[in-house]
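Structure data follow from input25.cif (mmCIF, C-alpha atoms and all ligand atoms):
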data_start
#
loop_
_atom_site.label_atom_id
_atom_site.label_comp_id
_atom_site.auth_asym_id
_atom_site.auth_seq_id
_atom_site.Cartn_x
_atom_site.Cartn_y
_atom_site.Cartn_z
CA MET A 1 36.52 159.53 71.99
CA GLU A 2 33.87 158.51 74.53
CA THR A 3 31.38 155.78 73.59
CA THR A 4 28.59 157.31 75.65
CA PRO A 5 28.56 161.02 74.93
CA ASN A 6 26.31 163.63 76.58
CA GLN A 7 25.71 165.40 73.28
CA PRO A 8 24.86 163.51 70.09
CA ARG A 9 27.81 163.69 67.73
CA THR A 10 27.80 163.53 63.95
CA ILE A 11 29.22 160.19 62.88
CA LEU A 12 30.12 158.99 59.41
CA SER A 13 31.46 155.69 58.23
CA ALA A 14 31.41 153.58 55.10
CA MET A 15 32.14 150.08 53.92
CA GLN A 16 33.02 148.83 50.45
CA PRO A 17 30.71 146.37 48.67
CA SER A 18 33.74 144.40 47.55
CA GLY A 19 32.36 141.06 48.76
CA GLY A 20 30.33 139.74 51.67
CA MET A 21 30.94 141.29 55.08
CA THR A 22 33.45 139.39 57.22
CA LEU A 23 33.67 138.83 60.95
CA GLY A 24 36.63 141.29 60.85
CA ASN A 25 34.41 144.06 59.43
CA TYR A 26 31.76 143.24 62.01
CA LEU A 27 33.99 143.20 65.09
CA GLY A 28 36.27 146.02 63.89
CA ALA A 29 33.65 148.47 62.69
CA MET A 30 30.04 147.37 62.35
CA LYS A 31 29.38 146.64 66.04
CA ASN A 32 30.29 150.27 66.78
CA TRP A 33 28.14 151.54 63.92
CA ALA A 34 25.17 149.81 65.53
CA ILE A 35 25.92 151.12 69.03
CA MET A 36 26.41 154.69 67.81
CA SER A 37 23.23 154.59 65.74
CA GLN A 38 21.25 154.41 68.99
CA THR A 39 22.48 157.78 70.29
CA ASP A 40 24.30 159.78 67.61
CA ASN A 41 23.50 161.50 64.37
CA CYS A 42 24.89 158.85 62.00
CA TYR A 43 25.54 158.74 58.26
CA TYR A 44 26.50 155.32 56.96
CA ALA A 45 27.42 154.70 53.34
CA VAL A 46 27.93 151.74 51.07
CA ALA A 47 31.21 152.94 49.49
CA ASP A 48 30.61 151.69 45.96
CA LEU A 49 32.75 154.43 44.37
CA HIS A 50 35.68 153.21 46.44
CA ALA A 51 35.03 149.64 45.30
CA LEU A 52 35.56 150.75 41.67
CA THR A 53 39.29 151.17 42.38
CA VAL A 54 39.33 147.41 41.80
CA ARG A 55 37.75 146.15 38.54
CA GLN A 56 34.25 144.86 39.36
CA ASN A 57 31.75 142.64 37.59
CA PRO A 58 28.70 144.98 37.17
CA ALA A 59 26.00 142.39 37.97
CA GLU A 60 27.92 141.18 40.99
CA LEU A 61 28.58 144.74 42.18
CA ARG A 62 24.87 145.59 41.97
CA ARG A 63 24.06 142.52 44.09
CA ASN A 64 26.85 143.23 46.57
CA ILE A 65 25.64 146.82 47.09
CA ARG A 66 22.09 145.73 48.09
CA ASN A 67 23.35 142.82 50.16
CA LEU A 68 25.77 145.02 52.09
CA ALA A 69 23.02 147.56 52.82
CA ALA A 70 20.83 144.75 54.18
CA MET A 71 23.74 143.37 56.20
CA ILE A 72 24.45 146.77 57.78
CA LEU A 73 20.86 146.90 59.03
CA ALA A 74 20.95 143.25 60.09
CA CYS A 75 23.98 144.02 62.28
CA GLY A 76 21.80 146.34 64.33
CA VAL A 77 22.10 149.79 62.74
CA ASN A 78 18.92 151.62 63.69
CA PRO A 79 17.16 152.72 60.47
CA GLU A 80 14.96 155.17 62.38
CA ARG A 81 17.93 157.24 63.49
CA ALA A 82 20.78 156.57 61.06
CA THR A 83 20.90 157.76 57.45
CA LEU A 84 21.93 154.76 55.35
CA PHE A 85 22.75 155.42 51.69
CA ILE A 86 24.71 154.38 48.64
CA GLN A 87 27.69 156.68 48.07
CA SER A 88 27.28 156.90 44.26
CA GLN A 89 23.68 158.11 44.69
CA VAL A 90 24.93 161.24 46.46
CA PRO A 91 26.98 163.06 43.77
CA GLU A 92 28.16 165.67 46.30
CA HIS A 93 30.76 163.11 47.43
CA SER A 94 32.48 163.14 44.04
CA VAL A 95 32.38 166.93 43.73
CA LEU A 96 33.90 167.51 47.16
CA ALA A 97 36.43 164.75 46.48
CA TRP A 98 37.80 166.74 43.52
CA LEU A 99 38.00 169.96 45.55
CA LEU A 100 39.85 168.12 48.32
CA THR A 101 42.13 166.27 45.88
CA CYS A 102 43.39 169.72 44.88
CA HIS A 103 44.30 170.27 48.54
CA THR A 104 46.04 166.91 49.08
CA TYR A 105 49.73 166.39 48.37
CA MET A 106 51.18 163.57 46.27
CA GLY A 107 53.62 162.91 49.13
CA GLU A 108 50.75 162.36 51.59
CA LEU A 109 48.99 159.92 49.28
CA SER A 110 52.26 158.09 48.56
CA ARG A 111 52.69 157.39 52.27
CA MET A 112 49.35 155.58 52.67
CA THR A 113 50.07 151.96 53.60
CA GLN A 114 46.84 150.70 52.00
CA PHE A 115 47.94 152.17 48.64
CA LYS A 116 51.39 150.62 49.01
CA ASP A 117 49.89 147.20 49.87
CA LYS A 118 47.21 147.23 47.18
CA SER A 119 49.45 148.58 44.41
CA ALA A 120 52.01 145.88 45.21
CA LYS A 121 49.29 143.20 44.94
CA GLN A 122 47.24 144.24 41.91
CA GLU A 123 48.18 145.05 38.31
CA ASN A 124 45.43 147.63 37.85
CA ILE A 125 47.15 150.55 39.60
CA ASN A 126 44.66 153.19 38.51
CA ALA A 127 44.68 156.83 39.62
CA GLY A 128 41.58 156.20 41.77
CA LEU A 129 43.50 153.75 43.90
CA PHE A 130 46.00 156.54 44.59
CA THR A 131 43.46 159.33 45.28
CA TYR A 132 41.14 156.98 47.22
CA PRO A 133 41.92 158.76 50.56
CA SER A 134 40.72 162.16 49.26
CA LEU A 135 37.37 160.60 48.33
CA MET A 136 37.27 159.10 51.81
CA ALA A 137 38.07 162.54 53.29
CA ALA A 138 35.17 163.96 51.23
CA ASP A 139 32.83 161.27 52.63
CA ILE A 140 33.71 162.36 56.14
CA LEU A 141 33.99 166.16 55.77
CA LEU A 142 30.80 166.48 53.70
CA TYR A 143 28.77 165.84 56.86
CA ASN A 144 31.11 167.64 59.26
CA ALA A 145 31.49 164.33 61.07
CA ASN A 146 33.23 164.47 64.46
CA GLY A 147 33.69 160.71 64.72
CA VAL A 148 34.54 157.93 62.28
CA PRO A 149 34.09 154.34 63.56
CA VAL A 150 36.63 152.17 61.71
CA GLY A 151 39.02 149.27 62.23
CA ALA A 152 42.69 149.98 62.98
CA ASP A 153 43.72 149.69 59.31
CA GLN A 154 41.78 152.87 58.44
CA LYS A 155 43.33 155.11 61.09
CA GLN A 156 45.89 156.55 58.69
CA HIS A 157 43.17 157.55 56.20
CA VAL A 158 41.11 159.29 58.90
CA GLU A 159 44.24 161.13 60.04
CA LEU A 160 44.75 162.35 56.48
CA ALA A 161 41.13 163.58 56.44
CA ARG A 162 41.92 165.52 59.65
CA ASP A 163 45.01 167.07 58.06
CA ILE A 164 43.03 168.10 54.97
CA ALA A 165 40.28 169.64 57.14
CA ILE A 166 42.79 171.60 59.20
CA ARG A 167 44.63 172.76 56.07
CA PHE A 168 41.42 173.92 54.42
CA ASN A 169 40.23 175.70 57.59
CA ASN A 170 43.58 177.50 57.92
CA ALA A 171 43.53 178.62 54.30
CA TYR A 172 39.89 179.70 53.94
CA GLY A 173 38.53 180.11 57.50
CA GLU A 174 36.56 177.66 59.65
CA THR A 175 34.71 175.31 57.24
CA PHE A 176 35.00 171.66 58.30
CA ALA A 177 34.72 169.84 61.62
CA VAL A 178 37.97 168.00 62.35
CA PRO A 179 37.12 164.27 62.63
CA GLU A 180 38.50 161.69 65.03
CA PRO A 181 38.85 157.95 64.33
CA PHE A 182 36.84 155.75 66.68
CA ILE A 183 38.62 152.41 66.98
CA PRO A 184 37.19 149.68 69.21
CA LYS A 185 39.07 148.52 72.29
CA TYR A 186 38.59 144.86 71.37
CA GLY A 187 38.62 143.48 67.82
CA ALA A 188 40.12 146.48 65.97
CA ARG A 189 42.35 144.17 63.95
CA ILE A 190 41.12 140.65 63.28
CA MET A 191 43.71 138.60 61.41
CA SER A 192 43.42 135.97 58.67
CA LEU A 193 42.72 132.46 59.97
CA GLN A 194 45.24 131.06 57.50
CA ASP A 195 48.00 133.65 57.86
CA PRO A 196 47.59 135.44 61.19
CA THR A 197 50.24 138.02 60.28
CA LYS A 198 47.90 139.67 57.74
CA LYS A 199 44.42 141.10 58.31
CA MET A 200 41.24 139.13 57.70
CA SER A 201 40.03 140.44 54.34
CA LYS A 202 36.89 139.76 52.32
CA SER A 203 38.91 139.92 49.14
CA ASP A 204 41.27 137.12 50.26
CA GLU A 205 41.35 134.45 47.56
CA ASN A 206 41.29 131.66 50.16
CA PRO A 207 37.80 131.54 51.76
CA ASN A 208 39.22 129.60 54.73
CA ALA A 209 41.09 132.79 55.68
CA TYR A 210 37.93 134.64 56.68
CA ILE A 211 34.58 134.04 58.31
CA SER A 212 31.77 135.56 56.31
CA MET A 213 28.76 136.91 58.20
CA THR A 214 26.63 134.53 56.12
CA ASP A 215 28.64 131.36 56.87
CA ASP A 216 26.48 128.59 58.35
CA ASN A 217 27.36 126.84 61.61
CA ASP A 218 29.19 123.95 59.94
CA THR A 219 31.31 126.29 57.83
CA VAL A 220 32.21 128.39 60.89
CA ALA A 221 33.20 125.23 62.80
CA ARG A 222 35.27 123.92 59.89
CA LYS A 223 37.11 127.20 59.29
CA ILE A 224 37.98 127.62 62.97
CA LYS A 225 39.09 124.00 63.23
CA ARG A 226 41.47 124.60 60.30
CA ALA A 227 42.73 127.93 61.67
CA VAL A 228 46.50 128.11 61.96
CA THR A 229 47.69 127.94 65.58
CA ASP A 230 51.15 127.66 67.08
CA SER A 231 53.16 124.50 67.61
CA ASP A 232 53.62 124.29 71.38
CA GLY A 233 50.04 124.07 72.61
CA VAL A 234 50.29 127.03 75.03
CA ILE A 235 47.35 129.45 75.30
CA GLU A 236 48.74 132.92 75.88
CA PHE A 237 47.91 136.34 74.44
CA ASP A 238 51.11 137.31 72.67
CA PRO A 239 50.36 138.53 69.11
CA GLU A 240 54.04 138.83 68.21
CA HIS A 241 55.14 135.32 69.17
CA ARG A 242 51.80 133.46 69.04
CA PRO A 243 49.81 135.24 66.30
CA GLY A 244 47.43 132.34 65.57
CA VAL A 245 46.29 131.66 69.12
CA SER A 246 46.22 135.38 69.92
CA ASN A 247 43.92 135.97 66.96
CA LEU A 248 41.51 133.25 68.17
CA LEU A 249 41.58 134.80 71.65
CA THR A 250 40.86 138.22 70.14
CA ILE A 251 37.90 136.86 68.17
CA TYR A 252 36.51 135.12 71.24
CA ALA A 253 37.03 138.20 73.43
CA ALA A 254 35.55 140.67 70.90
CA CYS A 255 32.44 138.48 70.47
CA LYS A 256 32.02 138.53 74.24
CA GLY A 257 33.02 142.19 74.75
CA GLN A 258 36.02 141.44 76.95
CA SER A 259 39.80 141.80 76.63
CA ALA A 260 41.94 139.11 75.01
CA VAL A 261 44.18 138.99 78.08
CA ASP A 262 41.15 138.12 80.26
CA ALA A 263 40.10 135.53 77.69
CA ALA A 264 43.57 133.95 77.82
CA ALA A 265 43.28 133.60 81.61
CA GLU A 266 39.95 131.80 81.13
CA PHE A 267 41.67 129.12 78.99
CA ALA A 268 44.79 128.67 81.12
CA GLY A 269 45.78 124.99 81.20
CA GLN A 270 43.37 124.02 78.39
CA GLY A 271 44.27 122.79 74.90
CA TYR A 272 43.74 124.28 71.43
CA GLY A 273 40.80 121.94 70.84
CA GLN A 274 38.89 123.45 73.76
CA LEU A 275 39.80 126.99 72.72
CA LYS A 276 38.64 126.37 69.15
CA GLN A 277 35.35 124.90 70.37
CA ALA A 278 34.71 127.96 72.57
CA VAL A 279 35.58 130.34 69.71
CA THR A 280 33.23 128.42 67.41
CA ASP A 281 30.38 128.69 69.94
CA ALA A 282 30.98 132.42 70.47
CA VAL A 283 31.08 133.17 66.73
CA GLN A 284 27.98 131.06 65.97
CA SER A 285 26.05 132.87 68.72
CA ALA A 286 27.12 136.26 67.37
CA LEU A 287 26.12 135.37 63.79
CA ALA A 288 22.76 133.68 64.43
CA PRO A 289 20.60 136.78 65.09
CA VAL A 290 22.34 138.76 62.33
CA GLN A 291 21.66 136.01 59.78
CA ALA A 292 18.00 135.75 60.73
CA GLU A 293 17.49 139.49 60.34
CA TYR A 294 19.47 139.55 57.08
CA ALA A 295 17.17 136.94 55.52
CA ARG A 296 14.13 138.92 56.64
CA LEU A 297 15.44 142.18 55.16
CA LEU A 298 16.38 140.63 51.82
CA ALA A 299 12.91 139.16 51.49
CA ASP A 300 11.46 142.70 51.37
CA LYS A 301 13.53 144.45 48.66
CA GLU A 302 10.95 147.21 48.18
CA HIS A 303 11.31 148.32 51.77
CA LEU A 304 15.12 148.27 51.53
CA ASN A 305 15.12 150.24 48.26
CA ALA A 306 12.77 152.87 49.68
CA LEU A 307 14.96 153.25 52.74
CA LEU A 308 18.09 153.69 50.61
CA ARG A 309 16.37 156.23 48.35
CA SER A 310 15.26 158.35 51.27
CA GLY A 311 18.72 157.96 52.86
CA ALA A 312 20.34 159.31 49.67
CA GLU A 313 17.97 162.29 49.60
CA LYS A 314 18.70 163.19 53.21
CA ALA A 315 22.44 162.76 52.75
CA SER A 316 22.39 164.80 49.55
CA ALA A 317 20.55 167.69 51.25
CA ALA A 318 23.06 167.74 54.11
CA GLY A 319 25.98 167.41 51.68
CA ARG A 320 24.75 170.25 49.50
CA ARG A 321 24.78 172.63 52.48
CA THR A 322 28.47 171.91 53.09
CA LEU A 323 29.30 172.05 49.40
CA ARG A 324 27.65 175.45 49.01
CA LYS A 325 29.84 176.79 51.81
CA VAL A 326 32.98 175.24 50.30
CA TYR A 327 32.18 176.68 46.86
CA ARG A 328 31.76 180.14 48.33
CA LYS A 329 35.06 179.93 50.24
CA LEU A 330 36.90 178.84 47.10
CA GLY A 331 35.43 181.61 44.93
CA LEU A 332 33.01 179.34 43.05
CA ASP A 333 29.26 179.77 42.49
CA MET A 334 26.67 177.00 42.62
P1 LIG B 401 39.11 144.48 51.67
O1 LIG B 401 39.38 143.45 52.71
O2 LIG B 401 38.31 144.03 50.51
O3 LIG B 401 40.30 145.32 51.34
P2 LIG B 401 38.05 145.85 53.82
O4 LIG B 401 37.14 144.89 54.50
O5 LIG B 401 39.36 146.18 54.41
O6 LIG B 401 38.15 145.46 52.33
P3 LIG B 401 35.99 147.80 53.99
O7 LIG B 401 34.92 146.89 53.63
O8 LIG B 401 35.82 149.13 53.38
O9 LIG B 401 37.40 147.25 53.58
O10 LIG B 401 36.16 147.90 55.55
C1 LIG B 401 35.11 148.32 56.30
C2 LIG B 401 35.52 148.49 57.73
O11 LIG B 401 35.93 147.25 58.31
C3 LIG B 401 36.68 149.46 57.94
O12 LIG B 401 36.36 150.28 59.04
C4 LIG B 401 37.84 148.57 58.27
O13 LIG B 401 38.78 149.21 59.10
C5 LIG B 401 37.16 147.42 59.00
N1 LIG B 401 37.94 146.20 58.87
C6 LIG B 401 38.25 145.56 57.72
N2 LIG B 401 38.95 144.44 57.95
C7 LIG B 401 39.10 144.36 59.31
C8 LIG B 401 39.75 143.42 60.19
N3 LIG B 401 40.38 142.37 59.70
N4 LIG B 401 39.69 143.65 61.52
C9 LIG B 401 39.03 144.72 62.00
N5 LIG B 401 38.41 145.64 61.24
C10 LIG B 401 38.44 145.48 59.91
N1 LIG B 402 38.29 153.21 53.05
C1 LIG B 402 37.44 152.42 53.87
C2 LIG B 402 35.99 152.51 53.50
C3 LIG B 402 35.52 153.92 53.54
C4 LIG B 402 35.34 154.72 54.71
C5 LIG B 402 34.90 155.99 54.24
C6 LIG B 402 35.51 154.48 56.07
C7 LIG B 402 35.20 154.69 52.47
N2 LIG B 402 34.81 155.93 52.90
C8 LIG B 402 34.65 157.03 55.13
C9 LIG B 402 35.26 155.55 56.94
C10 LIG B 402 34.84 156.80 56.47
C11 LIG B 402 37.97 150.99 53.82
O1 LIG B 402 38.52 150.58 52.87
N3 LIG B 402 37.82 150.27 54.83
#

Translate the structure of the given file into C-alpha cells.
Amino acid sequence: METTPNQPRTILSAMQPSGGMTLGNYLGAMKNWAIMSQTDNCYYAVADLHALTVRQNPAELRRNIRNLAAMILACGVNPERATLFIQSQVPEHSVLAWLLTCHTYMGELSRMTQFKDKSAKQENINAGLFTYPSLMAADILLYNANGVPVGADQKQHVELARDIAIRFNNAYGETFAVPEPFIPKYGARIMSLQDPTKKMSKSDENPNAYISMTDDNDTVARKIKRAVTDSDGVIEFDPEHRPGVSNLLTIYAACKGQSAVDAAAEFAGQGYGQLKQAVTDAVQSALAPVQAEYARLLADKEHLNALLRSGAEKASAAGRRTLRKVYRKLGLDM
C-alpha cells in the first residue's frame, strides 16, 4: 500500500489499553497512524474490549483507557480529521463480532500465533482470547477500512479479517471492503531490550525490557545502557546472529526514518558505547515533544472526554450503516 495516496482511503487501527504505550507501539504503528491522519479518513480505537481477554484491575483499566487516548493524540494523530473513540462505547463492534464469529472457523483461530503464545503464557485461557481475531475483524470491517496500520505481529490477524471479508462477500454478495495491512518499512518489529529474540511488549514483567513513551531522559539512558548486546563488539545489522545490536540499530534507524543497514554503515568502526549513546539521543529527541503534548492533553480532561464522546457518536453512526446492511444480507431485521 502506498503511503501517499491520490484518493483518501478509509483507515482503521486500534491499540489495547493494557499498559503505557511503548517505543515499539510508537515506531511500529503509531507513527503511521499520525501520518495517515493528515490525509486519510481514519478511525482509531482504544481497544478496551480486547484488553479484557486478560484480567484487568477496573480502576487501572479506566485510567489506562484515558491515558492511551491522550497518548494517541500526543503522538500526532490529527483530532480534526481522525475519529478517535473507545471501542466499548460503540456497541456495533460487539454485535458485528458475533456475526463474524459465526463465519470464522475454529481451525483458523487455532492457527493464530498470538493465541498460541498468550495461551502458553497465561492461565486464564478464556474464550475471548480465542475469538479475539473475530472481534478485531469486526473493528476493521465495520468501517469498510481499506488499510490497517499495524506492527508486523498483527499481520496474521489482518489477513484473517481479509479472509472473513472475502468469505462473507462470496456467500452474501459484495458487503465489506477487503482490508490490507500497512506495515512500516522501518521499525515494524522492535524487540525487547533484555531478550532481543522476543518483541518489546508493554506487558513484559521486566520494565528494563521496554521503553515507555513516558520514560524520562535518565530512565531512557539507563535502559539503553543495560540493553543486551553481543559479545564481540562488532556493529553490523544481522538480526539472526546479532539480535541485540541489530535491535538497537533498528530503533535508531526508525527514530530517524532511515534503514537499519544505512545506520550500521554510519557506526562502522565504532564501539557499543558510542552506538548506545546515539540511540539514547535519538530516542530522547523522539520522546520529548510527545511527552510535552501528553502532559498538556491530560491537564484538560474535559476536552479529551468531549472529543472521545463525539468520536464514539461518529463511529457508531458509521458502524450502524454497515451493520444494517449485514443484518439485511443475513436475513435479520434491525
Ligand atoms: P502487549 O504487548 O500487551 O501484548 P501489544 O503492544 O502487542 O500488547 P497493542 O497495544 O494492541 O498490543 O499493539 C498496538 C500496535 O503496536 C499493534 O499494531 C502492534 O502490531 C504494534 N506493536 C506492538 N508491539 C510492537 C513492537 N515490539 N514492534 C513494533 N510494533 C509493535
Ligand atoms: N489486536 C491488536 C489491537 C487491535 C487492532 C484492532 C489492530 C484491536 N483491534 C483492529 C488493528 C485493527 C493488538 O493486539 N495489537

Find the residues near Ser246 of chain A: any atom within 12 Å, counting only C-alpha atoms, skip ones fewer than 2 places away on the same chain, and give them as a ChimeraX atom specification. /A:187,189-193,196-197,227-230,234-244,248-254,259-264,267,272,275-276,279

Need the shell around Ala29 of chain A: protein/DNA/RNA residues with any atom at most 10 Å away, counting all atoms listed in the file. Skip same-chain ones fewer than 6 positions apart. Format as a PyMOL selection string? chain A and resi 13-15+23+148-152+182-184+187-189

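The space separating atom CA of Asp163 of chain A from atom CA of Leu109 of chain A comes to 12.0 Å.
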
Counting only C-alpha atoms and all ligand atoms, which residues of chain A fall within 8 Å of ligand LIG 402 (chain B), and what is the closest atom pair for each with its distance in Å at one decimal, ordered by chain and rising number, as JSON lines?
{"residue": "A:Leu12", "atom": "CA", "partner": "B:LIG402", "partner_atom": "C10", "distance": 6.0}
{"residue": "A:Ser13", "atom": "CA", "partner": "B:LIG402", "partner_atom": "C10", "distance": 4.0}
{"residue": "A:Ala14", "atom": "CA", "partner": "B:LIG402", "partner_atom": "C4", "distance": 4.1}
{"residue": "A:Met15", "atom": "CA", "partner": "B:LIG402", "partner_atom": "C2", "distance": 4.6}
{"residue": "A:Gln16", "atom": "CA", "partner": "B:LIG402", "partner_atom": "C2", "distance": 5.6}
{"residue": "A:Ala45", "atom": "CA", "partner": "B:LIG402", "partner_atom": "N2", "distance": 7.5}
{"residue": "A:Val46", "atom": "CA", "partner": "B:LIG402", "partner_atom": "C7", "distance": 8.0}
{"residue": "A:Ala47", "atom": "CA", "partner": "B:LIG402", "partner_atom": "C7", "distance": 5.3}
{"residue": "A:His50", "atom": "CA", "partner": "B:LIG402", "partner_atom": "C7", "distance": 6.2}
{"residue": "A:Tyr132", "atom": "CA", "partner": "B:LIG402", "partner_atom": "N1", "distance": 7.5}
{"residue": "A:Pro133", "atom": "CA", "partner": "B:LIG402", "partner_atom": "N1", "distance": 7.1}
{"residue": "A:Leu135", "atom": "CA", "partner": "B:LIG402", "partner_atom": "N2", "distance": 7.0}
{"residue": "A:Met136", "atom": "CA", "partner": "B:LIG402", "partner_atom": "N2", "distance": 4.2}
{"residue": "A:Ala137", "atom": "CA", "partner": "B:LIG402", "partner_atom": "C8", "distance": 6.7}
{"residue": "A:Ala138", "atom": "CA", "partner": "B:LIG402", "partner_atom": "C8", "distance": 8.0}
{"residue": "A:Asp139", "atom": "CA", "partner": "B:LIG402", "partner_atom": "C8", "distance": 5.2}
{"residue": "A:Ile140", "atom": "CA", "partner": "B:LIG402", "partner_atom": "C8", "distance": 5.5}
{"residue": "A:Val148", "atom": "CA", "partner": "B:LIG402", "partner_atom": "C9", "distance": 5.9}
{"residue": "A:Pro149", "atom": "CA", "partner": "B:LIG402", "partner_atom": "C9", "distance": 6.8}
{"residue": "A:Val150", "atom": "CA", "partner": "B:LIG402", "partner_atom": "C9", "distance": 6.0}
{"residue": "A:Gly151", "atom": "CA", "partner": "B:LIG402", "partner_atom": "N3", "distance": 7.6}
{"residue": "A:Asp153", "atom": "CA", "partner": "B:LIG402", "partner_atom": "N3", "distance": 7.4}
{"residue": "A:Gln154", "atom": "CA", "partner": "B:LIG402", "partner_atom": "N3", "distance": 6.0}
{"residue": "A:His157", "atom": "CA", "partner": "B:LIG402", "partner_atom": "N1", "distance": 7.3}
{"residue": "A:Val158", "atom": "CA", "partner": "B:LIG402", "partner_atom": "C10", "distance": 7.2}

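Nearest to Trp98 of chain A of all the residues A:Asn169, A:Ser201, A:Gln277, A:Thr131 is A:Thr131, based on only C-alpha atoms.
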
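Shortest atom-to-atom contact with ligand LIG 401 (chain B) among A:Gln114, A:Thr104, A:Gln56, A:Thr39: A:Gln114, counting all atoms listed in the file.
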
Extending 4 Å beyond the listed atoms of segment 143-160 of chain A on each side, what axis-aligned box results? I want centre and edge lengths in Å to one decimal, as AutoDock Vina command-line options.
--center_x 37.3 --center_y 158.5 --center_z 60.5 --size_x 25.1 --size_y 26.4 --size_z 16.5

Which residue gives the smallest distance to ligand LIG 401 (chain B) among A:Arg320, A:Lys329, A:Lys118, A:Arg226, with all atoms listed in the file counted? A:Lys118

Nearest residue to Phe85 of chain A from the set A:Ile164, A:Ile125, A:Leu307, A:Ala268 (distances using only C-alpha atoms): A:Leu307

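Of the listed residues A:Pro17, A:Asp281, A:Leu27, A:Ser134, the one whose atoms come nearest to Ile65 of chain A is A:Pro17, with distances taken using only C-alpha atoms.
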
What does the structure give for the distance between atom O12 of ligand LIG 401 (chain B) and atom CA of Glu174 of chain A, in Å to one decimal? 27.4 Å

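Atom O2 of ligand LIG 401 (chain B) sits 12.1 Å away from atom CA of Asn64 of chain A.
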
Pick from A:Asn32, A:Thr175, A:Thr10, A:Ser203, whichever lies nearest to ligand LIG 401 (chain B) using all atoms listed in the file: A:Ser203

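With all atoms listed in the file taken into account, every residue lying no more than 12 Å from the file point (47.4, 158.5, 38.6) is included here: Thr53, Thr101, Met106, Leu109, Ser110, Phe115, Ser119, Asn124, Ile125, Asn126, Ala127, Gly128, Leu129, Phe130, Thr131 and Tyr132 of chain A.
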
Quick one: residues within 8 Å of Leu298 of chain A, all atoms listed in the file counted, chain neighbours fewer than 6 positions away excluded, as a list in words? Asn67, Ala70 and Leu304 of chain A

Taking 4 positions as the minimum chain separation for residues in the same chain, which residues sit within 10 Å of segment 210-220 of chain A when counting only C-alpha atoms? Answer as a PyMOL selection string. chain A and resi 19-26+71+75+190-194+199-206+224-225+227+279-281+283-288+290-292+294-295

Restore N, CA and C atoms in segment 142-155 of chain A and list the result as an mmCIF file, in the coordinates of the input.
data_model
loop_
_atom_site.group_PDB
_atom_site.id
_atom_site.type_symbol
_atom_site.label_atom_id
_atom_site.label_comp_id
_atom_site.auth_asym_id
_atom_site.auth_seq_id
_atom_site.Cartn_x
_atom_site.Cartn_y
_atom_site.Cartn_z
ATOM 1 N N LEU A 142 32.073 166.022 54.271
ATOM 2 C CA LEU A 142 30.800 166.480 53.700
ATOM 3 C C LEU A 142 29.725 166.630 54.763
ATOM 4 N N TYR A 143 29.800 165.818 55.802
ATOM 5 C CA TYR A 143 28.770 165.840 56.860
ATOM 6 C C TYR A 143 29.285 166.494 58.134
ATOM 7 N N ASN A 144 30.490 167.064 58.061
ATOM 8 C CA ASN A 144 31.110 167.640 59.260
ATOM 9 C C ASN A 144 31.125 166.629 60.394
ATOM 10 N N ALA A 145 31.486 165.396 60.061
ATOM 11 C CA ALA A 145 31.490 164.330 61.070
ATOM 12 C C ALA A 145 32.580 164.596 62.112
ATOM 13 N N ASN A 146 32.228 164.370 63.392
ATOM 14 C CA ASN A 146 33.230 164.470 64.460
ATOM 15 C C ASN A 146 33.897 163.130 64.697
ATOM 16 N N GLY A 147 33.170 162.035 64.409
ATOM 17 C CA GLY A 147 33.690 160.710 64.720
ATOM 18 C C GLY A 147 33.536 159.757 63.558
ATOM 19 N N VAL A 148 34.543 158.885 63.383
ATOM 20 C CA VAL A 148 34.540 157.930 62.280
ATOM 21 C C VAL A 148 34.848 156.536 62.820
ATOM 22 N N PRO A 149 33.824 155.693 63.052
ATOM 23 C CA PRO A 149 34.090 154.340 63.560
ATOM 24 C C PRO A 149 34.680 153.436 62.475
ATOM 25 N N VAL A 150 35.917 153.022 62.672
ATOM 26 C CA VAL A 150 36.630 152.170 61.710
ATOM 27 C C VAL A 150 37.529 151.185 62.441
ATOM 28 N N GLY A 151 38.001 150.174 61.709
ATOM 29 C CA GLY A 151 39.020 149.270 62.230
ATOM 30 C C GLY A 151 40.382 149.961 62.184
ATOM 31 N N ALA A 152 41.369 149.345 62.841
ATOM 32 C CA ALA A 152 42.690 149.980 62.980
ATOM 33 C C ALA A 152 43.341 150.289 61.633
ATOM 34 N N ASP A 153 43.044 149.480 60.603
ATOM 35 C CA ASP A 153 43.720 149.690 59.310
ATOM 36 C C ASP A 153 43.327 151.012 58.649
ATOM 37 N N GLN A 154 42.229 151.626 59.072
ATOM 38 C CA GLN A 154 41.780 152.870 58.440
ATOM 39 C C GLN A 154 42.209 154.134 59.177
ATOM 40 N N LYS A 155 42.944 153.954 60.273
ATOM 41 C CA LYS A 155 43.330 155.110 61.090
ATOM 42 C C LYS A 155 44.127 156.137 60.273
#
